[in-house]
file query09.cif (mmCIF, C-alpha atoms)
data_work
#
loop_
_atom_site.label_atom_id
_atom_site.label_comp_id
_atom_site.auth_asym_id
_atom_site.auth_seq_id
_atom_site.Cartn_x
_atom_site.Cartn_y
_atom_site.Cartn_z
CA MET A 162 57.26 165.86 -129.44
CA GLU A 163 60.73 167.03 -128.43
CA PRO A 164 63.61 165.89 -130.68
CA LEU A 165 66.02 163.36 -129.26
CA SER A 166 69.69 164.14 -128.94
CA PHE A 167 72.39 162.18 -130.74
CA SER A 168 73.52 160.05 -127.81
CA ARG A 169 74.90 156.62 -127.05
CA ARG A 170 71.50 155.62 -125.70
CA SER A 171 69.72 156.61 -128.93
CA LEU A 172 72.42 154.79 -130.87
CA LEU A 173 71.65 151.60 -128.98
CA ALA A 174 67.94 151.93 -129.58
CA ALA A 175 68.25 152.85 -133.24
CA ALA A 176 70.77 150.17 -134.10
CA ALA A 177 68.05 147.56 -133.99
CA ALA A 178 67.31 148.71 -137.52
CA ALA A 179 70.50 147.10 -138.76
CA ALA A 180 69.11 143.73 -137.74
CA VAL A 181 65.75 144.05 -139.50
CA MET A 182 65.36 141.54 -142.33
CA PRO A 183 62.99 141.91 -145.30
CA ARG A 184 59.50 140.49 -144.83
CA GLY A 185 58.00 141.35 -148.20
CA VAL A 186 58.88 140.71 -151.81
CA LEU A 187 61.50 142.99 -153.32
CA GLY A 188 60.70 144.33 -156.78
CA ALA A 189 62.86 143.10 -159.63
CA GLY A 190 64.21 146.56 -160.41
CA ALA A 191 65.83 147.00 -157.01
CA ARG A 192 66.98 143.39 -156.73
CA SER A 193 68.83 143.41 -160.02
CA ALA A 194 70.43 146.84 -159.69
CA ALA A 195 74.18 146.84 -159.22
CA LYS A 196 73.85 149.57 -156.59
CA PRO A 197 70.74 149.38 -154.38
CA LYS A 198 68.74 152.56 -154.50
CA SER A 199 68.33 155.00 -151.66
CA LEU A 200 65.75 157.63 -150.77
CA LEU A 201 66.46 161.26 -149.89
CA VAL A 202 63.58 163.33 -148.54
CA VAL A 203 64.16 167.07 -148.15
CA TRP A 204 61.32 167.95 -145.81
CA LEU A 205 60.09 171.56 -145.78
CA GLU A 206 58.22 171.59 -142.51
CA GLY A 207 55.25 173.88 -142.03
CA GLY A 208 53.77 173.85 -145.53
CA PRO A 209 55.80 175.82 -148.10
CA SER A 210 53.85 178.09 -150.42
CA GLN A 211 53.79 176.86 -154.00
CA LEU A 212 53.49 180.49 -155.07
CA GLU A 213 56.77 181.49 -153.42
CA THR A 214 58.72 178.39 -154.51
CA TRP A 215 58.12 176.31 -157.65
CA ASP A 216 54.80 177.68 -158.99
CA PRO A 217 54.84 181.49 -158.90
CA HIS A 218 52.16 183.61 -160.57
CA PRO A 219 53.60 187.14 -160.48
CA GLY A 220 51.41 190.03 -161.53
CA THR A 221 48.18 188.24 -160.60
CA ALA A 222 45.79 188.75 -157.72
CA ILE A 223 47.27 185.72 -155.95
CA GLY A 224 50.91 186.27 -156.89
CA GLY A 225 52.01 188.38 -153.96
CA GLN A 226 55.32 190.19 -154.13
CA VAL A 227 57.48 187.43 -155.58
CA GLY A 228 59.07 187.60 -159.01
CA THR A 229 60.40 184.79 -161.19
CA VAL A 230 63.72 183.55 -162.48
CA LYS A 231 64.27 181.49 -165.63
CA THR A 232 65.66 178.00 -165.19
CA ARG A 233 67.70 175.65 -167.36
CA MET A 234 64.45 173.80 -168.05
CA PRO A 235 62.95 175.41 -171.18
CA GLY A 236 59.81 177.37 -170.34
CA LEU A 237 60.06 176.85 -166.59
CA GLU A 238 60.29 179.79 -164.24
CA ILE A 239 60.42 179.50 -160.46
CA ALA A 240 60.32 182.07 -157.67
CA ASP A 241 63.18 184.54 -157.81
CA PHE A 242 64.10 183.54 -154.27
CA TYR A 243 65.84 180.52 -155.87
CA PRO A 244 68.47 181.66 -158.40
CA ARG A 245 70.81 178.77 -157.59
CA MET A 246 68.08 176.14 -157.81
CA ALA A 247 67.24 177.64 -161.21
CA GLU A 248 70.56 176.12 -162.35
CA GLN A 249 69.78 172.67 -160.94
CA VAL A 250 66.02 172.12 -161.06
CA HIS A 251 66.22 170.60 -164.56
CA ARG A 252 67.74 167.50 -162.97
CA LEU A 253 64.40 166.90 -161.22
CA SER A 254 60.75 167.22 -162.24
CA VAL A 255 58.28 169.74 -160.86
CA LEU A 256 54.86 168.51 -159.73
CA ARG A 257 52.63 171.59 -159.51
CA SER A 258 49.30 169.89 -158.87
CA VAL A 259 49.76 167.70 -155.79
CA VAL A 260 46.57 167.33 -153.75
CA SER A 261 45.89 165.94 -150.29
CA LYS A 262 42.79 165.46 -148.17
CA GLU A 263 44.66 166.52 -145.04
CA GLY A 264 44.99 170.19 -144.13
CA ASP A 265 46.33 169.73 -140.59
CA HIS A 266 50.09 169.76 -140.04
CA GLU A 267 50.37 166.39 -138.30
CA ARG A 268 47.85 164.59 -140.49
CA GLY A 269 49.23 166.22 -143.63
CA THR A 270 52.76 165.15 -142.71
CA TYR A 271 51.54 161.61 -142.09
CA ALA A 272 49.79 161.48 -145.48
CA VAL A 273 52.81 162.68 -147.47
CA LYS A 274 55.44 160.69 -145.58
CA THR A 275 53.52 157.39 -145.63
CA GLY A 276 51.24 157.67 -148.67
CA HIS A 277 48.28 156.79 -146.43
CA ARG A 278 45.75 158.85 -144.54
CA PRO A 279 45.72 158.35 -140.76
CA GLU A 280 43.67 155.25 -140.02
CA GLY A 281 42.59 154.50 -136.47
CA ALA A 282 45.21 152.74 -134.38
CA THR A 283 47.26 151.63 -137.40
CA ILE A 284 50.53 153.55 -137.74
CA HIS A 285 51.79 153.17 -141.30
CA PRO A 286 55.53 153.08 -141.97
CA SER A 287 57.13 156.00 -143.75
CA LEU A 288 58.51 155.60 -147.26
CA GLY A 289 62.02 155.52 -145.81
CA ALA A 290 61.11 152.73 -143.41
CA ILE A 291 59.59 150.72 -146.25
CA VAL A 292 62.69 150.95 -148.42
CA CYS A 293 64.89 149.99 -145.44
CA HIS A 294 62.62 147.00 -144.86
CA GLU A 295 62.66 145.91 -148.49
CA VAL A 296 66.28 146.74 -149.39
CA PRO A 297 68.27 145.92 -146.25
CA VAL A 298 71.78 147.30 -145.78
CA ALA A 299 74.46 144.67 -146.19
CA GLU A 300 77.09 146.31 -144.00
CA ARG A 301 76.76 147.37 -140.40
CA GLY A 302 78.31 150.47 -138.97
CA LEU A 303 75.65 153.05 -139.88
CA PRO A 304 71.90 153.11 -139.28
CA PRO A 305 69.97 152.45 -142.50
CA HIS A 306 67.43 155.23 -141.84
CA VAL A 307 68.51 158.69 -140.65
CA SER A 308 66.69 161.96 -139.88
CA LEU A 309 68.81 165.13 -139.89
CA GLY A 310 67.68 168.38 -138.30
CA LYS A 311 64.89 169.33 -135.93
CA SER A 312 61.65 167.67 -136.99
CA GLN A 313 58.36 167.62 -135.11
CA TRP A 314 57.18 164.44 -136.83
CA PRO A 315 60.20 162.52 -138.14
CA ALA A 316 59.88 159.46 -140.35
CA ARG A 317 58.80 156.37 -138.40
CA GLY A 318 58.81 152.62 -138.79
CA GLY A 319 55.12 152.40 -137.87
CA PHE A 320 53.80 148.87 -137.60
CA LEU A 321 57.08 147.57 -139.05
CA GLY A 322 58.60 148.34 -135.66
CA PRO A 323 60.70 150.99 -133.92
CA GLY A 324 63.86 149.45 -135.34
CA LEU A 325 62.92 151.20 -138.60
CA ASP A 326 62.32 154.62 -137.03
CA ALA A 327 64.69 157.21 -138.44
CA PHE A 328 67.79 157.63 -136.29
CA ARG A 329 67.58 161.29 -135.30
CA ILE A 330 70.43 163.80 -135.32
CA VAL A 331 69.20 167.26 -134.37
CA ASN A 332 72.54 169.03 -134.86
CA PRO A 333 74.12 167.50 -137.99
CA GLY A 334 77.86 167.48 -138.45
CA THR A 335 78.89 166.29 -134.99
CA LEU A 336 79.40 163.00 -133.17
CA GLU A 337 78.23 164.04 -129.73
CA ASN A 338 78.67 161.41 -127.02
CA LEU A 339 79.58 158.66 -129.46
CA GLU A 340 83.07 157.95 -128.15
CA PRO A 341 83.15 157.38 -124.37
CA PRO A 342 85.74 159.12 -122.21
CA ALA A 343 88.56 156.83 -121.16
CA LYS A 344 87.43 156.94 -117.52
CA VAL A 345 84.13 155.23 -118.35
CA GLN A 346 85.40 152.78 -120.93
CA ALA A 347 86.35 150.17 -118.33
CA ARG A 348 82.94 150.51 -116.70
CA GLU A 349 81.27 149.98 -120.09
CA GLU A 350 83.31 146.83 -120.65
CA ARG A 351 82.27 145.47 -117.25
CA ARG A 352 78.62 146.14 -118.03
CA LEU A 353 78.89 144.34 -121.37
CA GLU A 354 80.47 141.37 -119.61
CA ALA A 355 77.57 141.35 -117.13
CA LEU A 356 75.11 141.53 -120.02
CA ASN A 357 76.76 138.48 -121.61
CA VAL A 358 76.35 136.54 -118.37
CA VAL A 359 72.66 137.46 -118.10
CA GLU A 360 71.90 136.64 -121.73
CA ALA A 361 73.72 133.31 -121.46
CA GLY A 362 70.93 132.23 -119.13
CA PHE A 363 68.39 132.53 -121.95
CA GLY A 364 69.97 129.78 -124.03
CA ALA A 365 71.51 129.89 -127.46
CA ALA A 366 69.18 132.49 -128.98
CA PRO A 367 69.35 135.86 -127.19
CA GLY A 368 67.20 137.34 -129.96
CA ARG A 369 66.67 140.85 -131.27
CA HIS A 370 67.99 142.56 -128.14
CA ARG A 371 71.42 141.02 -128.65
CA GLU A 372 71.36 142.03 -132.30
CA ALA A 373 70.53 145.61 -131.31
CA VAL A 374 73.41 145.71 -128.83
CA ASP A 375 75.80 144.26 -131.40
CA GLY A 376 74.60 146.75 -134.00
CA ALA A 377 75.13 149.67 -131.63
CA LEU A 378 78.62 148.51 -130.71
CA ALA A 379 79.47 148.01 -134.38
CA MET A 380 78.33 151.55 -135.14
CA MET A 381 80.26 153.04 -132.24
CA SER A 382 83.47 151.34 -133.32
CA SER A 383 83.07 151.55 -137.10
CA PRO A 384 85.17 153.99 -139.14
CA ARG A 385 82.04 154.48 -141.29
CA ARG A 386 80.57 156.65 -138.53
CA ARG A 387 82.87 159.40 -139.81
CA ALA A 388 80.22 160.01 -142.46
CA PHE A 389 78.42 162.04 -139.78
CA VAL A 390 81.41 164.38 -139.32
CA LEU A 391 82.40 167.20 -141.68
CA ASP A 392 85.91 168.11 -140.54
CA ASP A 393 87.47 166.42 -143.58
CA GLU A 394 85.28 168.31 -146.07
CA PRO A 395 86.95 171.23 -147.89
CA ARG A 396 86.03 174.60 -146.47
CA ALA A 397 84.67 175.72 -149.84
CA VAL A 398 82.26 172.79 -149.96
CA ARG A 399 80.98 173.48 -146.47
CA ALA A 400 80.54 177.14 -147.34
CA ALA A 401 78.57 176.26 -150.48
CA TYR A 402 76.03 174.32 -148.43
CA GLY A 403 75.87 176.98 -145.71
CA ASP A 404 77.04 177.06 -142.11
CA HIS A 405 73.72 176.30 -140.46
CA PRO A 406 71.98 173.07 -139.35
CA PHE A 407 70.16 172.58 -142.66
CA GLY A 408 73.24 173.18 -144.79
CA ARG A 409 75.29 170.82 -142.64
CA GLY A 410 72.41 168.34 -142.74
CA CYS A 411 72.39 168.34 -146.53
CA LEU A 412 76.15 167.77 -146.63
CA VAL A 413 75.90 164.93 -144.10
CA ALA A 414 73.05 163.49 -146.20
CA ARG A 415 75.31 163.35 -149.24
CA ARG A 416 78.01 161.61 -147.20
CA LEU A 417 75.53 159.10 -145.77
CA LEU A 418 74.20 158.28 -149.23
CA GLU A 419 77.76 157.74 -150.44
CA ALA A 420 78.29 155.39 -147.49
CA GLY A 421 75.25 153.31 -148.45
CA VAL A 422 72.60 154.54 -146.01
CA ARG A 423 69.27 153.52 -147.43
CA ALA A 424 67.00 156.43 -146.44
CA VAL A 425 67.86 159.97 -145.32
CA GLU A 426 65.53 162.80 -144.34
CA VAL A 427 66.73 166.41 -143.95
CA THR A 428 64.33 168.94 -142.41
CA LEU A 429 64.07 172.70 -142.79
CA GLY A 430 61.33 174.58 -140.93
CA GLY A 431 60.05 178.13 -141.15
CA PHE A 432 57.30 177.75 -143.77
CA ASP A 433 54.20 178.04 -141.56
CA SER A 434 53.52 181.57 -142.78
CA HIS A 435 50.07 182.57 -141.51
CA ALA A 436 51.51 186.07 -141.13
CA GLY A 437 54.29 187.78 -143.09
CA ASN A 438 54.28 185.11 -145.80
CA HIS A 439 56.63 186.89 -148.20
CA GLU A 440 59.22 187.64 -145.55
CA ALA A 441 59.06 184.13 -144.08
CA HIS A 442 59.59 182.48 -147.46
CA ARG A 443 62.38 184.85 -148.41
CA ALA A 444 64.21 184.01 -145.16
CA ALA A 445 63.70 180.27 -145.65
CA ALA A 446 64.91 180.49 -149.25
CA GLN A 447 68.18 182.09 -148.17
CA VAL A 448 68.90 178.80 -146.37
CA LEU A 449 67.23 176.39 -148.78
CA ASP A 450 68.49 177.70 -152.12
CA PRO A 451 72.26 177.29 -151.61
CA ALA A 452 72.01 174.06 -149.63
CA LEU A 453 69.57 172.25 -151.90
CA SER A 454 71.18 173.40 -155.14
CA THR A 455 74.62 172.29 -153.93
CA LEU A 456 73.24 168.95 -152.78
CA VAL A 457 71.55 168.24 -156.12
CA ALA A 458 74.68 169.31 -158.02
CA GLU A 459 76.95 167.10 -155.92
CA LEU A 460 74.63 164.11 -156.21
CA ALA A 461 74.83 164.48 -159.99
CA GLU A 462 78.58 165.08 -160.08
CA ARG A 463 79.30 162.07 -157.88
CA ASP A 464 76.97 159.80 -159.88
CA LEU A 465 74.66 159.40 -156.88
CA LEU A 466 71.58 160.83 -158.53
CA ARG A 467 71.12 157.65 -160.56
CA SER A 468 70.74 155.59 -157.41
CA THR A 469 69.01 158.17 -155.19
CA VAL A 470 65.35 159.08 -155.41
CA VAL A 471 65.02 162.73 -154.32
CA LEU A 472 61.74 164.12 -152.99
CA VAL A 473 61.51 167.78 -151.93
CA THR A 474 58.18 168.57 -150.32
CA GLY A 475 56.20 169.70 -147.31
CA GLU A 476 52.86 168.58 -145.90
CA PHE A 477 50.74 170.93 -148.07
CA GLY A 478 50.88 174.35 -149.71
CA ARG A 479 49.50 177.79 -148.87
CA THR A 480 46.26 179.50 -149.89
CA PRO A 481 46.10 181.57 -153.09
CA LYS A 482 44.44 184.31 -151.05
CA ILE A 483 46.67 186.46 -148.86
CA ASN A 484 45.05 187.04 -145.48
CA VAL A 485 44.76 190.28 -143.49
CA ALA A 486 48.06 189.52 -141.72
CA GLY A 487 49.92 189.32 -145.01
CA GLY A 488 50.10 185.55 -144.69
CA ARG A 489 48.82 182.49 -146.46
CA ASP A 490 46.94 179.70 -144.70
CA HIS A 491 46.89 175.90 -145.16
CA TRP A 492 46.12 174.70 -148.69
CA PRO A 493 46.18 170.97 -149.59
CA HIS A 494 44.23 171.50 -152.84
CA GLY A 495 47.11 172.08 -155.24
CA PHE A 496 50.72 172.45 -154.13
CA SER A 497 54.19 171.73 -155.48
CA CYS A 498 57.00 169.28 -154.92
CA LEU A 499 60.22 168.32 -156.67
CA LEU A 500 60.84 164.70 -157.57
CA GLY A 501 63.64 162.99 -159.46
CA GLY A 502 66.69 160.75 -159.41
CA GLY A 503 66.79 156.99 -159.08
CA GLY A 504 65.38 156.47 -162.57
CA ILE A 505 62.63 159.09 -162.24
CA ALA A 506 62.60 161.36 -165.27
CA GLY A 507 63.86 164.88 -164.77
CA GLY A 508 63.04 168.01 -166.72
CA GLN A 509 59.26 167.67 -166.65
CA VAL A 510 56.49 169.85 -165.30
CA ILE A 511 53.28 168.09 -164.30
CA GLY A 512 50.01 169.89 -163.66
CA GLU A 513 49.16 173.52 -163.20
CA THR A 514 47.25 175.72 -160.80
CA ASP A 515 44.84 178.51 -161.66
CA PRO A 516 46.58 181.92 -161.72
CA SER A 517 43.33 183.60 -160.64
CA GLY A 518 42.89 181.32 -157.62
CA ALA A 519 39.23 180.79 -158.52
CA LYS A 520 39.53 177.08 -159.33
CA GLU A 521 40.27 174.94 -156.30
CA ALA A 522 41.16 171.76 -158.22
CA PRO A 523 44.39 172.01 -160.24
CA ALA A 524 44.74 170.63 -163.75
CA SER A 525 46.14 167.06 -163.84
CA ALA A 526 45.80 166.65 -160.08
CA VAL A 527 48.33 164.26 -158.48
CA PRO A 528 47.18 162.74 -155.15
CA VAL A 529 49.86 162.41 -152.48
CA GLU A 530 49.26 158.65 -152.67
CA ASP A 531 50.48 158.70 -156.28
CA VAL A 532 53.61 160.61 -155.31
CA ALA A 533 54.35 157.92 -152.71
CA ALA A 534 53.65 155.14 -155.21
CA THR A 535 56.01 156.76 -157.74
CA VAL A 536 58.77 156.94 -155.13
CA LEU A 537 58.31 153.31 -154.12
CA ALA A 538 58.11 152.10 -157.71
CA ALA A 539 61.35 153.91 -158.57
CA LEU A 540 62.99 152.28 -155.55
CA GLY A 541 61.97 148.86 -156.87
CA VAL A 542 59.27 148.04 -154.33
CA ASP A 543 56.56 145.72 -155.61
CA MET A 544 53.34 147.73 -156.06
CA HIS A 545 51.30 144.64 -155.14
CA LEU A 546 53.21 144.05 -151.93
CA GLU A 547 51.24 143.72 -148.71
CA LEU A 548 52.96 144.35 -145.38
CA GLU A 549 51.70 142.56 -142.31
CA THR A 550 50.93 144.28 -139.02
CA PRO A 551 51.89 142.58 -135.73
CA GLU A 552 48.22 141.51 -135.47
CA GLY A 553 48.48 139.72 -138.83
CA ARG A 554 46.51 142.29 -140.82
CA PRO A 555 47.74 142.72 -144.41
CA ILE A 556 48.22 146.36 -145.45
CA PRO A 557 48.94 147.30 -149.08
CA VAL A 558 52.27 149.05 -149.39
CA THR A 559 50.50 151.77 -151.37
CA LYS A 560 47.02 152.73 -152.47
CA GLY A 561 48.39 155.09 -155.07
CA THR A 562 49.26 154.67 -158.73
CA PRO A 563 52.77 155.48 -159.99
CA ILE A 564 53.03 158.45 -162.36
CA ARG A 565 54.03 156.51 -165.45
CA ARG A 566 55.41 159.44 -167.43
CA LEU A 567 58.02 159.93 -164.71
CA LEU A 568 59.21 156.30 -164.64
#
call {"tool": "encode", "arguments": {"input": "query09.cif", "output": "structure tokens"}}
result
Amino acid sequence: MEPLSFSRRSLLAAAAAAAVMPRGVLGAGARSAAKPKSLLVVWLEGGPSQLETWDPHPGTAIGGQVGTVKTRMPGLEIADFYPRMAEQVHRLSVLRSVVSKEGDHERGTYAVKTGHRPEGATIHPSLGAIVCHEVPVAERGLPPHVSLGKSQWPARGGFLGPGLDAFRIVNPGTLENLEPPAKVQAREERRLEALNVVEAGFGAAPGRHREAVDGALAMMSSPRRRAFVLDDEPRAVRAAYGDHPFGRGCLVARRLLEAGVRAVEVTLGGFDSHAGNHEAHRAAAQVLDPALSTLVAELAERDLLRSTVVLVTGEFGRTPKINVAGGRDHWPHGFSCLLGGGGIAGGQVIGETDPSGAKEAPASAVPVEDVAATVLAALGVDMHLELETPEGRPIPVTKGTPIRRLL
């Protein structure tokens, strides 16, 4: 699937999300909070190796060439590719024993992003779509659900409707095609007048289409859209994140969360390392380490970490065994993610993998469904909630169990 560009047409389509009203029951935690919680997913597309990120085993048969660096979390060492994250990882918790039943990229992505395995014709909503559905944004002017960076399978609204699909910006930090040239502004006004005439013929209730148009126009004219632009950020801040799409995406994500956007996804690729695993992960870390560490630090400094659940993950991990091409293959049987913020306890390490690579099942295995349930519980979503498909079929919001020691 080719990524969409950030255009006026995509604005119009995505703005329907601003009109979506909650259909389920909002959990008491989110309802009573002074500041509604938001979700930030840092998506490491391609399947990052646990052994070259948050669960290294140097000096073992499976360890590869990576070393370790001590962190501010007592006893925790991570791959030496991440010296800056070593200073920030204590703000989150490390899950080293995540397991999935899906070892294919698309199916694995679906399982982690929705908390459900693919199931026939039913398309489950992503975690971001669920929180947008359950904790609607009060103010218009920005889409409630945003995807930043090039993503093959961005977060979707699923059976909750395309209005909850993530609004996609492939090149973060710009406002391409948002403000029309003066020469077409009059033509746009004439078309809107014609639209009003046509819709007047449908009576007093033009419906969701009118709401989508109004939402798009509100976004295009709102000063809040400046959250997408970085020209007012200090040069030093932009440099700290990194002058590349992922770094700019992380900085835009922080700005969107400050502006009240409910769910943000930032994608970094380059982890599908079937060959040259060490080199691929070292190159990806040179982008990820400064951007992610700066993002986590700024969320904490600006008091956004309390109201933002942060999930850093990919669709699965990589095999303990290094193949003949110097790569690692798909491994859903025990991989790592970072999780914290929004009331989720930081500074913990859950589970462990076998340094010899002989045992497939990790100690204290955490199914991806439980990761999703923990995220939703922290966001205040009722664990007993059932969402209804357009055909009237009730679907449980999660089949997982929240990780109680993190809540």
call {"tool": "resolve_selection", "arguments": {"input": "query09.cif", "expression": "the PyMOL selection byres ((chain A and resi 210) around 8)", "output": "list in words"}}
result
Gly208, Pro209, Gln211, Leu212, Glu213, Thr214, Phe432, His442, Gly478, Arg479, Thr480, Arg489 and Phe496 of chain A
call {"tool": "resolve_selection", "arguments": {"input": "query09.cif", "expression": "the PyMOL selection byres ((chain A and resi 267-277) around 8)", "output": "NGL selection string"}}
result
:A and (261-266 or 278-279 or 285-288 or 314 or 316 or 475-477 or 529-534 or 559-561)
call {"tool": "residues_around", "arguments": {"input": "query09.cif", "residues": "Gly437 of chain A", "least_positions_apart": "5", "cutoff": "12 Å", "atoms": "only C-alpha atoms", "output": "list in words"}}
result
Gly225, Gln226, Gly431, Phe432, His442, Arg443, Ala444, Ile483, Asn484, Val485, Ala486, Gly487, Gly488, Arg489 and Asp490 of chain A
call {"tool": "atom_distance", "arguments": {"input": "query09.cif", "atom1": "atom CA of Ala461 of chain A", "atom2": "atom CA of Arg252 of chain A"}}
result
8.3 Å
call {"tool": "atom_distance", "arguments": {"input": "query09.cif", "atom1": "atom CA of Pro493 of chain A", "atom2": "atom CA of Val227 of chain A"}}
result
20.8 Å
call {"tool": "closest_residue", "arguments": {"input": "query09.cif", "among": "A:Leu417, A:Ala446, A:Leu429, A:Leu500", "to": "Gly207 of chain A", "atoms": "all atoms listed in the file"}}
result
A:Leu429
call {"tool": "closest_residue", "arguments": {"input": "query09.cif", "among": "A:Val390, A:Leu205, A:Ala524, A:Ile556", "to": "Leu472 of chain A", "atoms": "all atoms listed in the file"}}
result
A:Leu205
call {"tool": "residues_near_point", "arguments": {"input": "query09.cif", "point": "(49.1, 172.0, -164.4)", "cutoff": "6 Å", "atoms": "only C-alpha atoms", "output": "number ranges by chain"}}
result
A: 258, 511-514, 524-525
call {"tool": "residues_around", "arguments": {"input": "query09.cif", "residues": "Pro406 of chain A", "least_positions_apart": "5", "cutoff": "9 Å", "atoms": "only C-alpha atoms", "output": "list in words"}}
result
Leu309, Gly310, Lys311, Val331, Asn332, Pro333, Gly334, Cys411 and Leu429 of chain A
call {"tool": "residues_around", "arguments": {"input": "query09.cif", "residues": "Leu466 of chain A", "least_positions_apart": "6", "cutoff": "7 Å", "atoms": "all atoms listed in the file", "output": "ChimeraX atom specification"}}
result
/A:460,502-503
call {"tool": "atom_distance", "arguments": {"input": "query09.cif", "atom1": "atom CA of Ile505 of chain A", "atom2": "atom CA of Leu567 of chain A"}}
result
5.3 Å
call {"tool": "resolve_selection", "arguments": {"input": "query09.cif", "expression": "the PyMOL selection byres ((chain A and resi 327) around 7)", "output": "PyMOL selection string"}}
result
chain A and resi 306-308+315-317+325-326+328-329
call {"tool": "closest_residue", "arguments": {"input": "query09.cif", "among": "A:Val259, A:Ala445, A:Val203, A:Leu540", "to": "Thr474 of chain A", "atoms": "all atoms listed in the file"}}
result
A:Val203
call {"tool": "residues_near_point", "arguments": {"input": "query09.cif", "point": "(67.8, 159.2, -154.4)", "cutoff": "12 Å", "atoms": "all atoms listed in the file", "output": "PyMOL selection string"}}
result
chain A and resi 196-203+252-253+289+292+414-415+417-419+421-426+456-457+460-461+464-473+500-505+536-537+539-540
call {"tool": "closest_residue", "arguments": {"input": "query09.cif", "among": "A:Asp392, A:Glu459, A:Glu206, A:Glu552", "to": "Phe407 of chain A", "atoms": "only C-alpha atoms"}}
result
A:Glu206
call {"tool": "closest_residue", "arguments": {"input": "query09.cif", "among": "A:Lys482, A:Leu321, A:His494, A:Thr562", "to": "Glu295 of chain A", "atoms": "only C-alpha atoms"}}
result
A:Leu321
call {"tool": "residues_around", "arguments": {"input": "query09.cif", "residues": "Val250 of chain A", "least_positions_apart": "2", "cutoff": "12 Å", "atoms": "all atoms listed in the file", "output": "MDAnalysis selection string"}}
result
chainID A and resid 214:215 230:235 237:240 243:248 252:256 450 453:458 461 471 473 498:502 507:510
call {"tool": "write_last_selection", "arguments": {"input": "query09.cif", "atoms": "C-alpha atoms", "output": "CSV table (one decimal), in the frame of the given file"}}
result
chain,number,residue,atom,x,y,z
A,214,THR,CA,58.7,178.4,-154.5
A,215,TRP,CA,58.1,176.3,-157.6
A,230,VAL,CA,63.7,183.6,-162.5
A,231,LYS,CA,64.3,181.5,-165.6
A,232,THR,CA,65.7,178.0,-165.2
A,233,ARG,CA,67.7,175.6,-167.4
A,234,MET,CA,64.4,173.8,-168.0
A,235,PRO,CA,63.0,175.4,-171.2
A,237,LEU,CA,60.1,176.8,-166.6
A,238,GLU,CA,60.3,179.8,-164.2
A,239,ILE,CA,60.4,179.5,-160.5
A,240,ALA,CA,60.3,182.1,-157.7
A,243,TYR,CA,65.8,180.5,-155.9
A,244,PRO,CA,68.5,181.7,-158.4
A,245,ARG,CA,70.8,178.8,-157.6
A,246,MET,CA,68.1,176.1,-157.8
A,247,ALA,CA,67.2,177.6,-161.2
A,248,GLU,CA,70.6,176.1,-162.4
A,252,ARG,CA,67.7,167.5,-163.0
A,253,LEU,CA,64.4,166.9,-161.2
A,254,SER,CA,60.8,167.2,-162.2
A,255,VAL,CA,58.3,169.7,-160.9
A,256,LEU,CA,54.9,168.5,-159.7
A,450,ASP,CA,68.5,177.7,-152.1
A,453,LEU,CA,69.6,172.2,-151.9
A,454,SER,CA,71.2,173.4,-155.1
A,455,THR,CA,74.6,172.3,-153.9
A,456,LEU,CA,73.2,169.0,-152.8
A,457,VAL,CA,71.6,168.2,-156.1
A,458,ALA,CA,74.7,169.3,-158.0
A,461,ALA,CA,74.8,164.5,-160.0
A,471,VAL,CA,65.0,162.7,-154.3
A,473,VAL,CA,61.5,167.8,-151.9
A,498,CYS,CA,57.0,169.3,-154.9
A,499,LEU,CA,60.2,168.3,-156.7
A,500,LEU,CA,60.8,164.7,-157.6
A,501,GLY,CA,63.6,163.0,-159.5
A,502,GLY,CA,66.7,160.8,-159.4
A,507,GLY,CA,63.9,164.9,-164.8
A,508,GLY,CA,63.0,168.0,-166.7
A,509,GLN,CA,59.3,167.7,-166.6
A,510,VAL,CA,56.5,169.8,-165.3
call {"tool": "closest_residue", "arguments": {"input": "query09.cif", "among": "A:Lys520, A:His251, A:Arg257, A:His294", "to": "Asp216 of chain A", "atoms": "only C-alpha atoms"}}
result
A:Arg257
call {"tool": "decode", "arguments": {"input": "query09.cif", "residues": "segment 462-468 of chain A", "atoms": "N, CA and C atoms", "output": "PDB file, in the first residue's frame"}}
result
ATOM      1  N   GLU A 462       9.741  16.426  30.860  1.00  0.00           N
ATOM      2  CA  GLU A 462       9.993  17.807  31.265  1.00  0.00           C
ATOM      3  C   GLU A 462       8.756  18.684  31.130  1.00  0.00           C
ATOM      4  N   ARG A 463       7.922  18.400  30.151  1.00  0.00           N
ATOM      5  CA  ARG A 463       6.733  19.210  29.906  1.00  0.00           C
ATOM      6  C   ARG A 463       5.490  18.639  30.590  1.00  0.00           C
ATOM      7  N   ASP A 464       5.682  17.688  31.483  1.00  0.00           N
ATOM      8  CA  ASP A 464       4.604  17.065  32.238  1.00  0.00           C
ATOM      9  C   ASP A 464       3.563  16.417  31.327  1.00  0.00           C
ATOM     10  N   LEU A 465       4.016  15.903  30.195  1.00  0.00           N
ATOM     11  CA  LEU A 465       3.126  15.185  29.280  1.00  0.00           C
ATOM     12  C   LEU A 465       3.182  13.684  29.488  1.00  0.00           C
ATOM     13  N   LEU A 466       4.209  13.196  30.156  1.00  0.00           N
ATOM     14  CA  LEU A 466       4.333  11.753  30.327  1.00  0.00           C
ATOM     15  C   LEU A 466       3.241  11.207  31.244  1.00  0.00           C
ATOM     16  N   ARG A 467       2.748  12.037  32.155  1.00  0.00           N
ATOM     17  CA  ARG A 467       1.668  11.587  33.035  1.00  0.00           C
ATOM     18  C   ARG A 467       0.392  11.274  32.264  1.00  0.00           C
ATOM     19  N   SER A 468       0.157  12.018  31.202  1.00  0.00           N
ATOM     20  CA  SER A 468      -1.092  11.868  30.460  1.00  0.00           C
ATOM     21  C   SER A 468      -0.898  11.170  29.116  1.00  0.00           C
TER      22      SER A 468
END
